[in-house]
>>> print(open('structure_26.cif').read())   # mmCIF, C-alpha atoms
data_final
loop_
_atom_site.label_atom_id
_atom_site.label_comp_id
_atom_site.auth_asym_id
_atom_site.auth_seq_id
_atom_site.Cartn_x
_atom_site.Cartn_y
_atom_site.Cartn_z
CA ARG O 1 21.46 103.14 29.92
CA VAL O 2 24.80 103.13 28.11
CA THR O 3 24.93 103.78 24.40
CA LEU O 4 28.05 102.88 22.51
CA GLY O 5 28.97 104.99 19.52
CA LEU O 6 30.53 103.62 16.37
CA VAL O 7 34.25 103.17 16.73
CA GLN O 8 34.75 102.74 13.01
CA ASP O 9 32.99 104.09 9.99
CA ALA O 10 31.37 101.61 7.58
CA ASN O 11 34.41 101.35 5.29
CA ALA O 12 36.82 100.77 8.17
CA LEU O 13 34.49 98.13 9.61
CA LYS O 14 34.34 96.40 6.23
CA ASP O 15 38.14 96.45 5.98
CA THR O 16 38.43 94.96 9.47
CA GLN O 17 35.97 92.21 8.56
CA ASP O 18 37.84 91.48 5.34
CA LEU O 19 41.16 91.28 7.21
CA TYR O 20 39.66 88.93 9.79
CA ILE O 21 38.28 86.66 7.07
CA ARG O 22 41.58 86.76 5.20
CA GLN O 23 43.58 85.83 8.30
CA THR O 24 41.14 83.05 9.16
CA MET O 25 41.45 81.72 5.60
CA GLU O 26 45.27 81.87 5.89
CA GLN O 27 45.15 79.87 9.10
CA LYS O 28 42.77 77.23 7.75
CA ALA O 29 44.72 76.89 4.50
CA GLY O 30 47.92 76.62 6.53
CA ASP O 31 46.47 73.72 8.49
CA GLU O 32 46.51 71.76 5.23
CA ASN O 33 49.62 73.25 3.62
CA GLN O 34 52.06 75.57 5.37
CA GLY O 35 53.24 76.87 1.98
CA VAL O 36 49.78 78.22 1.21
CA ARG O 37 49.69 80.02 4.55
CA LEU O 38 53.10 81.55 3.89
CA ALA O 39 52.12 82.65 0.37
CA LEU O 40 48.85 84.23 1.54
CA TYR O 41 50.59 86.00 4.39
CA PHE O 42 53.33 87.30 2.10
CA GLN O 43 50.74 88.50 -0.40
CA ARG O 44 48.91 90.41 2.33
CA LYS O 45 52.07 91.97 3.80
CA ALA O 46 54.12 92.54 0.62
CA SER O 47 53.05 96.14 -0.01
CA SER O 48 54.07 97.13 3.53
CA ILE O 49 57.65 95.85 3.22
CA GLN O 50 59.95 98.86 3.44
CA SER O 51 63.40 97.26 3.36
CA ALA O 52 65.29 94.01 3.69
CA TYR O 53 65.19 94.60 7.44
CA SER O 54 61.37 94.44 7.31
CA ILE O 55 61.77 90.96 5.87
CA LEU O 56 64.37 89.95 8.45
CA ALA O 57 62.07 91.10 11.27
CA ASP O 58 59.25 88.77 10.19
CA LYS O 59 59.94 85.04 10.30
CA ALA O 60 57.23 84.16 7.74
CA LEU O 61 58.32 86.82 5.24
CA LEU O 62 61.91 85.69 5.67
CA GLU O 63 61.00 82.07 4.98
CA VAL O 64 59.23 83.04 1.74
CA VAL O 65 62.15 85.21 0.59
CA MET O 66 64.80 82.64 1.56
CA THR O 67 62.93 79.90 -0.30
CA THR O 68 62.31 82.04 -3.38
CA LEU O 69 65.90 83.24 -3.57
CA GLY O 70 67.22 79.73 -2.97
CA LEU O 71 69.22 80.84 0.04
CA PRO O 72 70.29 78.00 2.33
CA ASP O 73 68.89 77.80 5.87
CA ALA O 74 72.41 78.41 7.16
CA ALA O 75 72.28 81.94 5.69
CA VAL O 76 70.04 82.94 8.60
CA GLN O 77 73.08 82.51 10.85
CA ALA O 78 74.90 85.27 8.99
CA ASP O 79 75.26 88.76 10.42
CA THR O 80 72.00 90.70 10.07
CA ASP O 81 73.58 93.41 7.93
CA VAL O 82 75.20 90.82 5.67
CA LEU O 83 71.92 88.97 5.21
CA ALA O 84 70.05 92.23 4.57
CA LYS O 85 72.59 93.14 1.88
CA MET O 86 72.30 89.65 0.37
CA ILE O 87 68.54 90.07 0.09
CA SER O 88 68.75 93.66 -1.19
CA ASN O 89 71.19 92.63 -3.90
CA ARG O 90 68.85 89.93 -5.19
CA ILE O 91 65.42 91.62 -5.05
CA ASP O 92 64.03 95.11 -5.51
CA ILE O 93 61.82 95.83 -2.50
CA ALA O 94 59.85 98.35 -4.60
CA ASP O 95 58.62 95.40 -6.72
CA PHE O 96 56.47 94.30 -3.78
CA LYS O 97 54.23 97.34 -4.35
CA ASP O 98 53.22 95.86 -7.74
CA PRO O 99 50.65 93.04 -7.40
CA ALA O 100 51.74 91.48 -10.71
CA LYS O 101 55.35 91.26 -9.52
CA VAL O 102 54.25 89.86 -6.16
CA GLU O 103 52.24 87.21 -8.01
CA LYS O 104 55.29 86.28 -10.10
CA PHE O 105 57.45 86.15 -6.96
CA LEU O 106 54.91 83.90 -5.23
CA ALA O 107 54.67 81.63 -8.26
CA LYS O 108 58.40 81.03 -7.97
CA PHE O 109 58.02 80.52 -4.22
CA ALA O 110 55.23 77.98 -4.75
CA THR O 111 57.34 75.97 -7.16
CA LEU O 112 60.43 75.95 -4.97
CA TYR O 113 58.44 75.32 -1.79
CA ASP O 114 56.73 72.31 -3.39
CA ILE O 115 60.11 70.91 -4.46
CA GLU O 116 61.54 71.33 -0.94
CA ASN O 117 58.37 70.15 0.85
CA PRO O 118 56.55 67.52 -1.21
CA GLN O 119 53.26 66.43 0.30
CA SER O 120 52.06 62.95 -0.38
CA VAL O 121 48.36 62.29 -0.41
CA SER O 122 47.12 58.87 -1.30
CA SER O 123 43.84 58.41 -3.08
CA ILE O 124 41.95 55.14 -2.92
CA PRO O 125 42.87 54.15 -6.51
CA SER O 126 46.52 55.03 -5.97
CA MET O 127 46.60 53.04 -2.72
CA LEU O 128 45.09 50.04 -4.53
CA LEU O 129 47.73 50.34 -7.23
CA GLY O 130 50.51 51.03 -4.72
CA GLN O 131 51.19 54.53 -6.03
CA ASP O 132 51.43 57.87 -4.25
CA THR O 133 50.71 61.26 -5.75
CA SER O 134 52.27 64.52 -4.61
CA LEU O 135 50.28 67.68 -4.14
CA GLY O 136 51.47 71.20 -3.55
CA ILE O 137 50.43 74.82 -3.66
CA GLY O 138 50.12 75.11 -7.42
CA MET O 139 49.68 78.22 -9.49
CA ASP O 140 45.93 77.63 -9.96
CA LEU O 141 45.34 77.82 -6.21
CA LEU O 142 47.40 80.99 -5.82
CA THR O 143 45.60 82.63 -8.73
CA SER O 144 42.16 81.75 -7.39
CA ILE O 145 43.09 82.99 -3.92
CA GLN O 146 44.40 86.26 -5.30
CA SER O 147 41.26 86.87 -7.35
CA MET O 148 38.99 86.16 -4.40
CA ARG O 149 37.42 89.26 -2.85
CA VAL O 150 35.37 88.99 0.30
CA ARG O 151 32.70 91.65 0.74
CA PHE O 152 29.63 91.92 2.93
#
>>> encode(input="structure_26.cif", output="structure tokens")
Amino acid sequence: RVTLGLVQDANALKDTQDLYIRQTMEQKAGDENQGVRLALYFQRKASSIQSAYSILADKALLEVVMTTLGLPDAAVQADTDVLAKMISNRIDIADFKDPAKVEKFLAKFATLYDIENPQSVSSIPSMLLGQDTSLGIGMDLLTSIQSMRVRF
């Protein structure tokens, strides 16, 4: 008979479960709106960003930063050191350790992402009237996601 010991203590197991649920939520939200997935991912990873090179090494983080800073897609073609300096000159990486500053950064991202990527969803009344409405990430959604805590 083989007995397996605990690999993790209760707190580590809880953290692993929370991370799994968070990543699953990111994926499901991203199926409906890629901007939500990017914002949730950035929020989760923000405190671990050490430098502009950490951002450059992660495609999703880079997309959030590029959108928020209003940098054109062509900027990605620049030399890595030049792009890192461009990012470092426009944001303080230490701000990503502060949840309030991350929230403000993501609010700006949400606004700019919605402008660049409008999503049209037609409701029955709007279809009958020949109108379309646009939906996006929205600050309410980001706030509710940030305040959500999953615990077992």
>>> closest_residue(input="structure_26.cif", among="O:Lys45, O:Lys104, O:Leu56, O:Met66", to="Asp79 of chain O", atoms="all atoms listed in the file")
O:Leu56
>>> closest_residue(input="structure_26.cif", among="O:Ala107, O:Leu112, O:Leu83, O:Ala94", to="Ala46 of chain O", atoms="only C-alpha atoms")
O:Ala94
>>> resolve_selection(input="structure_26.cif", expression="the PyMOL selection byres ((chain O and resi 67) around 12)", output="ChimeraX atom specification")
/O:35,38-39,60-66,68-73,75-76,87,105-117
>>> write_last_selection(input="structure_26.cif", atoms="C-alpha atoms", output="PDB file, in the frame of the given file")
ATOM      1  CA  GLY O  35      53.240  76.870   1.980  1.00  0.00           C
ATOM      2  CA  LEU O  38      53.100  81.550   3.890  1.00  0.00           C
ATOM      3  CA  ALA O  39      52.120  82.650   0.370  1.00  0.00           C
ATOM      4  CA  ALA O  60      57.230  84.160   7.740  1.00  0.00           C
ATOM      5  CA  LEU O  61      58.320  86.820   5.240  1.00  0.00           C
ATOM      6  CA  LEU O  62      61.910  85.690   5.670  1.00  0.00           C
ATOM      7  CA  GLU O  63      61.000  82.070   4.980  1.00  0.00           C
ATOM      8  CA  VAL O  64      59.230  83.040   1.740  1.00  0.00           C
ATOM      9  CA  VAL O  65      62.150  85.210   0.590  1.00  0.00           C
ATOM     10  CA  MET O  66      64.800  82.640   1.560  1.00  0.00           C
ATOM     11  CA  THR O  68      62.310  82.040  -3.380  1.00  0.00           C
ATOM     12  CA  LEU O  69      65.900  83.240  -3.570  1.00  0.00           C
ATOM     13  CA  GLY O  70      67.220  79.730  -2.970  1.00  0.00           C
ATOM     14  CA  LEU O  71      69.220  80.840   0.040  1.00  0.00           C
ATOM     15  CA  PRO O  72      70.290  78.000   2.330  1.00  0.00           C
ATOM     16  CA  ASP O  73      68.890  77.800   5.870  1.00  0.00           C
ATOM     17  CA  ALA O  75      72.280  81.940   5.690  1.00  0.00           C
ATOM     18  CA  VAL O  76      70.040  82.940   8.600  1.00  0.00           C
ATOM     19  CA  ILE O  87      68.540  90.070   0.090  1.00  0.00           C
ATOM     20  CA  PHE O 105      57.450  86.150  -6.960  1.00  0.00           C
ATOM     21  CA  LEU O 106      54.910  83.900  -5.230  1.00  0.00           C
ATOM     22  CA  ALA O 107      54.670  81.630  -8.260  1.00  0.00           C
ATOM     23  CA  LYS O 108      58.400  81.030  -7.970  1.00  0.00           C
ATOM     24  CA  PHE O 109      58.020  80.520  -4.220  1.00  0.00           C
ATOM     25  CA  ALA O 110      55.230  77.980  -4.750  1.00  0.00           C
ATOM     26  CA  THR O 111      57.340  75.970  -7.160  1.00  0.00           C
ATOM     27  CA  LEU O 112      60.430  75.950  -4.970  1.00  0.00           C
ATOM     28  CA  TYR O 113      58.440  75.320  -1.790  1.00  0.00           C
ATOM     29  CA  ASP O 114      56.730  72.310  -3.390  1.00  0.00           C
ATOM     30  CA  ILE O 115      60.110  70.910  -4.460  1.00  0.00           C
ATOM     31  CA  GLU O 116      61.540  71.330  -0.940  1.00  0.00           C
ATOM     32  CA  ASN O 117      58.370  70.150   0.850  1.00  0.00           C
TER      33      ASN O 117
END
>>> axis_aligned_box(input="structure_26.cif", around="segment 39-47 of chain O", padding_each_side="5 Å", output="JSON")
{"center_x": 51.5, "center_y": 89.4, "center_z": 2.0, "size_x": 15.3, "size_y": 23.5, "size_z": 14.8}
>>> atom_distance(input="structure_26.cif", atom1="atom CA of Glu103 of chain O", atom2="atom CA of Asn89 of chain O")
20.1 Å
>>> atom_distance(input="structure_26.cif", atom1="atom CA of Gln77 of chain O", atom2="atom CA of Lys59 of chain O")
13.4 Å
>>> closest_residue(input="structure_26.cif", among="O:Gln23, O:Tyr41, O:Asp9, O:Ile55", to="Lys85 of chain O", atoms="only C-alpha atoms")
O:Ile55
